[in-house]
Structures are given as C-alpha cells and as structure tokens.
$ cat coords03.pdb   # PDB, N, CA, C and O atoms and all ligand atoms
ATOM      1  N   MET A   1       5.179   8.337 -14.483
ATOM      2  CA  MET A   1       4.502   8.229 -13.193
ATOM      3  C   MET A   1       3.308   7.295 -13.292
ATOM      4  O   MET A   1       2.759   7.080 -14.365
ATOM      5  N   PHE A   2       2.887   6.786 -12.192
ATOM      6  CA  PHE A   2       1.662   6.002 -12.118
ATOM      7  C   PHE A   2       0.568   6.859 -11.501
ATOM      8  O   PHE A   2       0.841   7.732 -10.685
ATOM      9  N   TYR A   3      -0.638   6.605 -11.923
ATOM     10  CA  TYR A   3      -1.739   7.295 -11.273
ATOM     11  C   TYR A   3      -2.962   6.416 -11.302
ATOM     12  O   TYR A   3      -3.068   5.492 -12.107
ATOM     13  N   VAL A   4      -3.887   6.684 -10.388
ATOM     14  CA  VAL A   4      -5.155   5.965 -10.382
ATOM     15  C   VAL A   4      -6.192   6.837 -11.070
ATOM     16  O   VAL A   4      -6.162   8.058 -10.961
ATOM     17  N   LYS A   5      -7.087   6.194 -11.787
ATOM     18  CA  LYS A   5      -8.105   6.911 -12.536
ATOM     19  C   LYS A   5      -9.449   6.327 -12.150
ATOM     20  O   LYS A   5      -9.625   5.112 -12.145
ATOM     21  N   GLU A   6     -10.366   7.184 -11.806
ATOM     22  CA  GLU A   6     -11.678   6.716 -11.401
ATOM     23  C   GLU A   6     -12.742   7.568 -12.073
ATOM     24  O   GLU A   6     -12.704   8.797 -12.009
ATOM     25  N   GLN A   7     -13.673   6.886 -12.710
ATOM     26  CA  GLN A   7     -14.788   7.591 -13.344
ATOM     27  C   GLN A   7     -15.850   7.833 -12.279
ATOM     28  O   GLN A   7     -16.458   6.901 -11.764
ATOM     29  N   LEU A   8     -16.050   9.106 -11.918
ATOM     30  CA  LEU A   8     -17.028   9.411 -10.869
ATOM     31  C   LEU A   8     -18.444   9.328 -11.410
ATOM     32  O   LEU A   8     -19.339   8.795 -10.780
ATOM     33  N   ASN A   9     -18.648   9.892 -12.564
ATOM     34  CA  ASN A   9     -19.933   9.806 -13.250
ATOM     35  C   ASN A   9     -19.672  10.087 -14.725
ATOM     36  O   ASN A   9     -18.519  10.130 -15.143
ATOM     37  N   ASP A  10     -20.716  10.304 -15.515
ATOM     38  CA  ASP A  10     -20.522  10.489 -16.947
ATOM     39  C   ASP A  10     -19.647  11.700 -17.256
ATOM     40  O   ASP A  10     -18.957  11.745 -18.269
ATOM     41  N   ALA A  11     -19.692  12.694 -16.387
ATOM     42  CA  ALA A  11     -19.022  13.955 -16.696
ATOM     43  C   ALA A  11     -17.685  14.123 -15.983
ATOM     44  O   ALA A  11     -16.875  14.945 -16.382
ATOM     45  N   MET A  12     -17.486  13.362 -14.927
ATOM     46  CA  MET A  12     -16.281  13.611 -14.136
ATOM     47  C   MET A  12     -15.407  12.383 -13.976
ATOM     48  O   MET A  12     -15.883  11.278 -13.756
ATOM     49  N   GLU A  13     -14.133  12.652 -14.097
ATOM     50  CA  GLU A  13     -13.155  11.598 -13.903
ATOM     51  C   GLU A  13     -12.003  12.190 -13.101
ATOM     52  O   GLU A  13     -11.618  13.334 -13.325
ATOM     53  N   VAL A  14     -11.501  11.453 -12.153
ATOM     54  CA  VAL A  14     -10.360  11.967 -11.393
ATOM     55  C   VAL A  14      -9.133  11.121 -11.674
ATOM     56  O   VAL A  14      -9.219   9.907 -11.822
ATOM     57  N   SER A  15      -8.007  11.780 -11.775
ATOM     58  CA  SER A  15      -6.728  11.093 -11.886
ATOM     59  C   SER A  15      -5.864  11.547 -10.728
ATOM     60  O   SER A  15      -5.716  12.740 -10.489
ATOM     61  N   ILE A  16      -5.346  10.605 -10.010
ATOM     62  CA  ILE A  16      -4.526  10.937  -8.842
ATOM     63  C   ILE A  16      -3.186  10.249  -8.972
ATOM     64  O   ILE A  16      -3.112   9.030  -9.122
ATOM     65  N   GLU A  17      -2.161  11.049  -8.942
ATOM     66  CA  GLU A  17      -0.823  10.493  -9.066
ATOM     67  C   GLU A  17      -0.482   9.651  -7.841
ATOM     68  O   GLU A  17      -0.738  10.040  -6.714
ATOM     69  N   ILE A  18       0.075   8.479  -8.097
ATOM     70  CA  ILE A  18       0.526   7.634  -6.995
ATOM     71  C   ILE A  18       1.938   8.057  -6.614
ATOM     72  O   ILE A  18       2.822   8.141  -7.463
ATOM     73  N   ASN A  19       2.133   8.375  -5.366
ATOM     74  CA  ASN A  19       3.483   8.685  -4.914
ATOM     75  C   ASN A  19       3.766   7.895  -3.634
ATOM     76  O   ASN A  19       3.010   6.985  -3.287
ATOM     77  N   ASP A  20       4.831   8.237  -2.963
ATOM     78  CA  ASP A  20       5.173   7.446  -1.782
ATOM     79  C   ASP A  20       4.421   7.905  -0.538
ATOM     80  O   ASP A  20       4.735   7.499   0.574
ATOM     81  N   GLU A  21       3.437   8.771  -0.733
ATOM     82  CA  GLU A  21       2.716   9.280   0.432
ATOM     83  C   GLU A  21       1.219   9.013   0.388
ATOM     84  O   GLU A  21       0.526   9.239   1.369
ATOM     85  N   ASN A  22       0.711   8.554  -0.764
ATOM     86  CA  ASN A  22      -0.740   8.438  -0.838
ATOM     87  C   ASN A  22      -1.215   7.029  -1.144
ATOM     88  O   ASN A  22      -2.317   6.833  -1.626
ATOM     89  N   VAL A  23      -0.380   6.035  -0.855
ATOM     90  CA  VAL A  23      -0.793   4.643  -1.034
ATOM     91  C   VAL A  23      -0.919   3.993   0.344
ATOM     92  O   VAL A  23       0.000   4.055   1.150
ATOM     93  N   PHE A  24      -2.075   3.411   0.576
ATOM     94  CA  PHE A  24      -2.321   2.809   1.882
ATOM     95  C   PHE A  24      -2.917   1.420   1.719
ATOM     96  O   PHE A  24      -3.477   1.087   0.677
ATOM     97  N   CYS A  25      -2.785   0.609   2.752
ATOM     98  CA  CYS A  25      -3.527  -0.633   2.798
ATOM     99  C   CYS A  25      -3.921  -0.874   4.251
ATOM    100  O   CYS A  25      -3.524  -0.130   5.140
ATOM    101  N   ARG A  26      -4.696  -1.916   4.466
ATOM    102  CA  ARG A  26      -5.087  -2.280   5.823
ATOM    103  C   ARG A  26      -4.185  -3.382   6.328
ATOM    104  O   ARG A  26      -3.922  -4.352   5.620
ATOM    105  N   CYS A  27      -3.743  -3.248   7.552
ATOM    106  CA  CYS A  27      -2.969  -4.311   8.178
ATOM    107  C   CYS A  27      -3.850  -5.553   8.252
ATOM    108  O   CYS A  27      -4.974  -5.485   8.744
ATOM    109  N   PRO A  28      -3.371  -6.697   7.739
ATOM    110  CA  PRO A  28      -4.196  -7.915   7.729
ATOM    111  C   PRO A  28      -4.468  -8.457   9.130
ATOM    112  O   PRO A  28      -5.342  -9.298   9.298
ATOM    113  N   HIS A  29      -3.752  -8.002  10.125
ATOM    114  CA  HIS A  29      -3.945  -8.523  11.481
ATOM    115  C   HIS A  29      -4.898  -7.677  12.306
ATOM    116  O   HIS A  29      -5.804  -8.190  12.933
ATOM    117  N   CYS A  30      -4.691  -6.374  12.325
ATOM    118  CA  CYS A  30      -5.505  -5.544  13.203
ATOM    119  C   CYS A  30      -6.392  -4.581  12.425
ATOM    120  O   CYS A  30      -7.242  -3.912  13.002
ATOM    121  N   GLY A  31      -6.201  -4.492  11.106
ATOM    122  CA  GLY A  31      -7.079  -3.656  10.299
ATOM    123  C   GLY A  31      -6.745  -2.180  10.308
ATOM    124  O   GLY A  31      -7.472  -1.388   9.729
ATOM    125  N   SER A  32      -5.658  -1.809  10.932
ATOM    126  CA  SER A  32      -5.327  -0.393  10.951
ATOM    127  C   SER A  32      -4.692   0.018   9.621
ATOM    128  O   SER A  32      -4.146  -0.795   8.889
ATOM    129  N   GLU A  33      -4.805   1.308   9.344
ATOM    130  CA  GLU A  33      -4.317   1.824   8.068
ATOM    131  C   GLU A  33      -2.792   1.883   8.075
ATOM    132  O   GLU A  33      -2.189   2.381   9.015
ATOM    133  N   VAL A  34      -2.195   1.375   7.014
ATOM    134  CA  VAL A  34      -0.743   1.372   6.913
ATOM    135  C   VAL A  34      -0.341   2.110   5.656
ATOM    136  O   VAL A  34      -0.861   1.844   4.572
ATOM    137  N   GLN A  35       0.576   3.036   5.790
ATOM    138  CA  GLN A  35       1.086   3.728   4.616
ATOM    139  C   GLN A  35       2.082   2.814   3.910
ATOM    140  O   GLN A  35       2.969   2.243   4.532
ATOM    141  N   VAL A  36       1.907   2.663   2.609
ATOM    142  CA  VAL A  36       2.716   1.732   1.845
ATOM    143  C   VAL A  36       3.687   2.494   0.956
ATOM    144  O   VAL A  36       3.283   3.408   0.243
ATOM    145  N   ASP A  37       4.928   2.121   1.031
ATOM    146  CA  ASP A  37       5.907   2.683   0.112
ATOM    147  C   ASP A  37       6.025   1.722  -1.069
ATOM    148  O   ASP A  37       6.546   0.625  -0.945
ATOM    149  N   PHE A  38       5.491   2.160  -2.217
ATOM    150  CA  PHE A  38       5.480   1.274  -3.377
ATOM    151  C   PHE A  38       6.887   0.826  -3.765
ATOM    152  O   PHE A  38       7.069  -0.260  -4.288
ATOM    153  N   ALA A  39       7.850   1.666  -3.502
ATOM    154  CA  ALA A  39       9.223   1.285  -3.825
ATOM    155  C   ALA A  39       9.608   0.023  -3.056
ATOM    156  O   ALA A  39      10.277  -0.855  -3.587
ATOM    157  N   ASP A  40       9.158  -0.084  -1.805
ATOM    158  CA  ASP A  40       9.432  -1.275  -1.007
ATOM    159  C   ASP A  40       8.720  -2.488  -1.579
ATOM    160  O   ASP A  40       9.276  -3.577  -1.662
ATOM    161  N   VAL A  41       7.453  -2.300  -1.952
ATOM    162  CA  VAL A  41       6.676  -3.419  -2.467
ATOM    163  C   VAL A  41       7.279  -3.925  -3.777
ATOM    164  O   VAL A  41       7.457  -5.124  -3.976
ATOM    165  N   PHE A  42       7.626  -2.986  -4.651
ATOM    166  CA  PHE A  42       8.209  -3.390  -5.926
ATOM    167  C   PHE A  42       9.589  -4.008  -5.735
ATOM    168  O   PHE A  42      10.025  -4.831  -6.526
ATOM    169  N   ALA A  43      10.259  -3.618  -4.683
ATOM    170  CA  ALA A  43      11.610  -4.132  -4.446
ATOM    171  C   ALA A  43      11.601  -5.627  -4.195
ATOM    172  O   ALA A  43      12.613  -6.293  -4.361
ATOM    173  N   ASP A  44      10.441  -6.167  -3.788
ATOM    174  CA  ASP A  44      10.346  -7.601  -3.568
ATOM    175  C   ASP A  44      10.461  -8.383  -4.870
ATOM    176  O   ASP A  44      10.740  -9.566  -4.870
ATOM    177  N   GLY A  45      10.198  -7.721  -5.975
ATOM    178  CA  GLY A  45      10.374  -8.362  -7.264
ATOM    179  C   GLY A  45       9.165  -9.135  -7.732
ATOM    180  O   GLY A  45       8.970  -9.332  -8.920
ATOM    181  N   ASP A  46       8.333  -9.555  -6.826
ATOM    182  CA  ASP A  46       7.163 -10.357  -7.174
ATOM    183  C   ASP A  46       5.929  -9.596  -6.707
ATOM    184  O   ASP A  46       5.470  -9.765  -5.593
ATOM    185  N   VAL A  47       5.424  -8.754  -7.574
ATOM    186  CA  VAL A  47       4.369  -7.838  -7.151
ATOM    187  C   VAL A  47       2.995  -8.417  -7.479
ATOM    188  O   VAL A  47       2.697  -8.735  -8.615
ATOM    189  N   ASP A  48       2.212  -8.568  -6.452
ATOM    190  CA  ASP A  48       0.841  -9.026  -6.609
ATOM    191  C   ASP A  48      -0.033  -8.088  -5.779
ATOM    192  O   ASP A  48      -0.114  -8.208  -4.564
ATOM    193  N   LEU A  49      -0.655  -7.125  -6.452
ATOM    194  CA  LEU A  49      -1.379  -6.087  -5.717
ATOM    195  C   LEU A  49      -2.516  -6.660  -4.891
ATOM    196  O   LEU A  49      -2.916  -6.075  -3.891
ATOM    197  N   PHE A  50      -3.047  -7.803  -5.288
ATOM    198  CA  PHE A  50      -4.169  -8.368  -4.540
ATOM    199  C   PHE A  50      -3.692  -9.352  -3.482
ATOM    200  O   PHE A  50      -4.408  -9.655  -2.548
ATOM    201  N   GLY A  51      -2.491  -9.852  -3.646
ATOM    202  CA  GLY A  51      -2.009 -10.837  -2.688
ATOM    203  C   GLY A  51      -0.972 -10.284  -1.731
ATOM    204  O   GLY A  51      -0.474 -10.991  -0.872
ATOM    205  N   THR A  52      -0.664  -9.012  -1.896
ATOM    206  CA  THR A  52       0.341  -8.418  -1.027
ATOM    207  C   THR A  52      -0.320  -7.659   0.109
ATOM    208  O   THR A  52      -1.257  -6.899  -0.109
ATOM    209  N   ALA A  53       0.130  -7.899   1.312
ATOM    210  CA  ALA A  53      -0.386  -7.172   2.459
ATOM    211  C   ALA A  53       0.793  -6.623   3.238
ATOM    212  O   ALA A  53       1.866  -7.215   3.260
ATOM    213  N   VAL A  54       0.583  -5.494   3.832
ATOM    214  CA  VAL A  54       1.649  -4.881   4.609
ATOM    215  C   VAL A  54       1.188  -4.758   6.055
ATOM    216  O   VAL A  54       0.132  -4.193   6.339
ATOM    217  N   LEU A  55       1.969  -5.324   6.950
ATOM    218  CA  LEU A  55       1.637  -5.255   8.369
ATOM    219  C   LEU A  55       1.922  -3.862   8.910
ATOM    220  O   LEU A  55       2.845  -3.189   8.469
ATOM    221  N   CYS A  56       1.137  -3.452   9.893
ATOM    222  CA  CYS A  56       1.433  -2.197  10.566
ATOM    223  C   CYS A  56       2.660  -2.396  11.457
ATOM    224  O   CYS A  56       3.090  -3.525  11.697
ATOM    225  N   ASP A  57       3.192  -1.299  11.932
ATOM    226  CA  ASP A  57       4.408  -1.387  12.750
ATOM    227  C   ASP A  57       4.215  -2.269  13.971
ATOM    228  O   ASP A  57       5.063  -3.090  14.300
ATOM    229  N   ASN A  58       3.077  -2.100  14.648
ATOM    230  CA  ASN A  58       2.825  -2.872  15.863
ATOM    231  C   ASN A  58       2.835  -4.365  15.592
ATOM    232  O   ASN A  58       3.486  -5.131  16.296
ATOM    233  N   CYS A  59       2.070  -4.790  14.575
ATOM    234  CA  CYS A  59       1.953  -6.215  14.297
ATOM    235  C   CYS A  59       3.264  -6.791  13.784
ATOM    236  O   CYS A  59       3.634  -7.906  14.148
ATOM    237  N   SER A  60       3.976  -6.061  12.945
ATOM    238  CA  SER A  60       5.230  -6.610  12.445
ATOM    239  C   SER A  60       6.221  -6.753  13.586
ATOM    240  O   SER A  60       6.998  -7.700  13.631
ATOM    241  N   ARG A  61       6.161  -5.829  14.547
ATOM    242  CA  ARG A  61       7.052  -5.938  15.698
ATOM    243  C   ARG A  61       6.686  -7.164  16.533
ATOM    244  O   ARG A  61       7.519  -7.941  16.943
ATOM    245  N   LYS A  62       5.373  -7.349  16.740
ATOM    246  CA  LYS A  62       4.909  -8.490  17.531
ATOM    247  C   LYS A  62       5.298  -9.806  16.863
ATOM    248  O   LYS A  62       5.819 -10.718  17.489
ATOM    249  N   LEU A  63       5.033  -9.889  15.564
ATOM    250  CA  LEU A  63       5.265 -11.139  14.851
ATOM    251  C   LEU A  63       6.741 -11.504  14.825
ATOM    252  O   LEU A  63       7.095 -12.672  14.713
ATOM    253  N   MET A  64       7.581 -10.502  14.908
ATOM    254  CA  MET A  64       8.996 -10.796  14.834
ATOM    255  C   MET A  64       9.638 -10.822  16.200
ATOM    256  O   MET A  64      10.851 -10.738  16.322
ATOM    257  N   GLY A  65       8.795 -10.901  17.232
ATOM    258  CA  GLY A  65       9.309 -11.055  18.568
ATOM    259  C   GLY A  65      10.204  -9.917  19.011
ATOM    260  O   GLY A  65      11.198 -10.129  19.690
ATOM    261  N   GLY A  66       9.831  -8.720  18.599
ATOM    262  CA  GLY A  66      10.565  -7.564  19.082
ATOM    263  C   GLY A  66      11.777  -7.202  18.256
ATOM    264  O   GLY A  66      12.476  -6.264  18.552
ATOM    265  N   ALA A  67      11.997  -7.941  17.166
ATOM    266  CA  ALA A  67      13.133  -7.594  16.311
ATOM    267  C   ALA A  67      12.894  -6.220  15.673
ATOM    268  O   ALA A  67      11.761  -5.845  15.396
ATOM    269  N   ALA A  68      13.931  -5.500  15.446
ATOM    270  CA  ALA A  68      13.798  -4.145  14.947
ATOM    271  C   ALA A  68      13.581  -4.103  13.443
ATOM    272  O   ALA A  68      13.011  -3.161  12.921
ATOM    273  N   CYS A  69      14.016  -5.148  12.754
ATOM    274  CA  CYS A  69      13.925  -5.143  11.297
ATOM    275  C   CYS A  69      12.483  -5.301  10.837
ATOM    276  O   CYS A  69      11.752  -6.140  11.327
ATOM    277  N   GLY A  70      12.058  -4.480   9.889
ATOM    278  CA  GLY A  70      10.691  -4.562   9.398
ATOM    279  C   GLY A  70      10.616  -5.189   8.039
ATOM    280  O   GLY A  70       9.753  -4.853   7.252
ATOM    281  N   CYS A  71      11.502  -6.120   7.748
ATOM    282  CA  CYS A  71      11.601  -6.587   6.380
ATOM    283  C   CYS A  71      11.008  -7.974   6.166
ATOM    284  O   CYS A  71      11.178  -8.558   5.111
ATOM    285  N   GLU A  72      10.298  -8.502   7.135
ATOM    286  CA  GLU A  72       9.748  -9.848   6.960
ATOM    287  C   GLU A  72       8.614  -9.842   5.942
ATOM    288  O   GLU A  72       7.800  -8.948   5.911
ATOM    289  N   GLN A  73       8.564 -10.842   5.114
ATOM    290  CA  GLN A  73       7.498 -10.981   4.123
ATOM    291  C   GLN A  73       6.213 -11.382   4.830
ATOM    292  O   GLN A  73       6.235 -12.145   5.768
ATOM    293  N   VAL A  74       5.110 -10.891   4.345
ATOM    294  CA  VAL A  74       3.833 -11.243   4.942
ATOM    295  C   VAL A  74       3.387 -12.580   4.376
ATOM    296  O   VAL A  74       3.372 -12.763   3.175
TER     297      VAL A  74
HETATM  298 ZN    ZN A 101      -1.583  -4.429  12.646
END
$ encode --input "coords03.pdb" --output "structure tokens" --more "lines below"
Ligand SMILES: [Zn+2]
Amino acid sequence: MFYVKEQLNDAMEVSIEINDENVFCRCPHCGSEVQVDFADVFADGDVDLFGTAVLCDNCSRKLMGGAACGCEQV
C-alpha cells in the first residue's frame, strides 16, 4: 500500500493510507475539490504528481462540449 507520512512535531507523526477515497486535487479551471482515483491517474502510464491535474465534472463536461466521456487528458 501507499501512504502519506507527515511529521507534525518532534513527538508526533501521522501515516495515512492512500486509497481510492482520500486523494483529492483542485480543478485547475474553477478550483473546486476533485476526488482523484489514483488507479485512473496511474493508468495513463506517465505519472507526474506535480504536473497532473484533474478537472472537475463540470469543467470536463464543458471542455468536451457536452461529451459524456471523462477521459480527456488535461
Ligand atoms: Zn472545474
């Protein structure tokens, strides 16, 4: 499994398992919170955590002119 680890202070450290429900990013267009399925991101084959952005449903729908498919690369 993957998990994030953050040192809160000298005495405390938290480890949080990454799953398909607790990974989020901001939509690059409207700034709303988007839940990210890491399996989808990794499926692209070219993973760049800093260069990858995930559009929210609204923006991806707008950008694709109403197409139902949500698979366009950002
Ligand atoms: Zn958006």
$ residues_near_ligand --input "coords03.pdb" --ligand "ligand ZN 101 (chain A)" --cutoff "12 Å" --atoms "only C-alpha atoms and all ligand atoms" --output "PyMOL selection string"
chain A and resi 25-35+53-63+74
$ axis_aligned_box --input "coords03.pdb" --around "segment 15-19 of chain A" --padding-each-side "5 Å" --output "JSON"
{"center_x": -2.1, "center_y": 9.9, "center_z": -7.6, "size_x": 21.8, "size_y": 15.8, "size_z": 18.6}
$ resolve_selection --input "coords03.pdb" --expression "the PyMOL selection byres (((chain A and resi 17-22 and name CA) around 10) and not hetatm and name CA)" --output "list in words"
Met1, Phe2, Tyr3, Val4, Lys5, Val14, Ser15, Ile16, Val23, Phe24, Gln35, Val36, Asp37, Phe38, Ala39 and Asp40 of chain A
$ write_last_selection --input "coords03.pdb" --atoms "N, CA, C and O atoms" --output "mmCIF file, keeping the file's coordinate frame"
data_model
loop_
_atom_site.group_PDB
_atom_site.id
_atom_site.type_symbol
_atom_site.label_atom_id
_atom_site.label_comp_id
_atom_site.auth_asym_id
_atom_site.auth_seq_id
_atom_site.Cartn_x
_atom_site.Cartn_y
_atom_site.Cartn_z
ATOM 1 N N MET A 1 5.179 8.337 -14.483
ATOM 2 C CA MET A 1 4.502 8.229 -13.193
ATOM 3 C C MET A 1 3.308 7.295 -13.292
ATOM 4 O O MET A 1 2.759 7.080 -14.365
ATOM 5 N N PHE A 2 2.887 6.786 -12.192
ATOM 6 C CA PHE A 2 1.662 6.002 -12.118
ATOM 7 C C PHE A 2 0.568 6.859 -11.501
ATOM 8 O O PHE A 2 0.841 7.732 -10.685
ATOM 9 N N TYR A 3 -0.638 6.605 -11.923
ATOM 10 C CA TYR A 3 -1.739 7.295 -11.273
ATOM 11 C C TYR A 3 -2.962 6.416 -11.302
ATOM 12 O O TYR A 3 -3.068 5.492 -12.107
ATOM 13 N N VAL A 4 -3.887 6.684 -10.388
ATOM 14 C CA VAL A 4 -5.155 5.965 -10.382
ATOM 15 C C VAL A 4 -6.192 6.837 -11.070
ATOM 16 O O VAL A 4 -6.162 8.058 -10.961
ATOM 17 N N LYS A 5 -7.087 6.194 -11.787
ATOM 18 C CA LYS A 5 -8.105 6.911 -12.536
ATOM 19 C C LYS A 5 -9.449 6.327 -12.150
ATOM 20 O O LYS A 5 -9.625 5.112 -12.145
ATOM 21 N N VAL A 14 -11.501 11.453 -12.153
ATOM 22 C CA VAL A 14 -10.360 11.967 -11.393
ATOM 23 C C VAL A 14 -9.133 11.121 -11.674
ATOM 24 O O VAL A 14 -9.219 9.907 -11.822
ATOM 25 N N SER A 15 -8.007 11.780 -11.775
ATOM 26 C CA SER A 15 -6.728 11.093 -11.886
ATOM 27 C C SER A 15 -5.864 11.547 -10.728
ATOM 28 O O SER A 15 -5.716 12.740 -10.489
ATOM 29 N N ILE A 16 -5.346 10.605 -10.010
ATOM 30 C CA ILE A 16 -4.526 10.937 -8.842
ATOM 31 C C ILE A 16 -3.186 10.249 -8.972
ATOM 32 O O ILE A 16 -3.112 9.030 -9.122
ATOM 33 N N VAL A 23 -0.380 6.035 -0.855
ATOM 34 C CA VAL A 23 -0.793 4.643 -1.034
ATOM 35 C C VAL A 23 -0.919 3.993 0.344
ATOM 36 O O VAL A 23 0.000 4.055 1.150
ATOM 37 N N PHE A 24 -2.075 3.411 0.576
ATOM 38 C CA PHE A 24 -2.321 2.809 1.882
ATOM 39 C C PHE A 24 -2.917 1.420 1.719
ATOM 40 O O PHE A 24 -3.477 1.087 0.677
ATOM 41 N N GLN A 35 0.576 3.036 5.790
ATOM 42 C CA GLN A 35 1.086 3.728 4.616
ATOM 43 C C GLN A 35 2.082 2.814 3.910
ATOM 44 O O GLN A 35 2.969 2.243 4.532
ATOM 45 N N VAL A 36 1.907 2.663 2.609
ATOM 46 C CA VAL A 36 2.716 1.732 1.845
ATOM 47 C C VAL A 36 3.687 2.494 0.956
ATOM 48 O O VAL A 36 3.283 3.408 0.243
ATOM 49 N N ASP A 37 4.928 2.121 1.031
ATOM 50 C CA ASP A 37 5.907 2.683 0.112
ATOM 51 C C ASP A 37 6.025 1.722 -1.069
ATOM 52 O O ASP A 37 6.546 0.625 -0.945
ATOM 53 N N PHE A 38 5.491 2.160 -2.217
ATOM 54 C CA PHE A 38 5.480 1.274 -3.377
ATOM 55 C C PHE A 38 6.887 0.826 -3.765
ATOM 56 O O PHE A 38 7.069 -0.260 -4.288
ATOM 57 N N ALA A 39 7.850 1.666 -3.502
ATOM 58 C CA ALA A 39 9.223 1.285 -3.825
ATOM 59 C C ALA A 39 9.608 0.023 -3.056
ATOM 60 O O ALA A 39 10.277 -0.855 -3.587
ATOM 61 N N ASP A 40 9.158 -0.084 -1.805
ATOM 62 C CA ASP A 40 9.432 -1.275 -1.007
ATOM 63 C C ASP A 40 8.720 -2.488 -1.579
ATOM 64 O O ASP A 40 9.276 -3.577 -1.662
#
$ select_by_dssp --input "coords03.pdb" --residues "chain A" --states "helix (DSSP H, G or I)" --output "list in words"
Phe38, Ala39, Asp40, Val41, Phe42, Ala43, Asp57, Asn58, Cys59, Ser60, Arg61, Lys62 and Leu63 of chain A
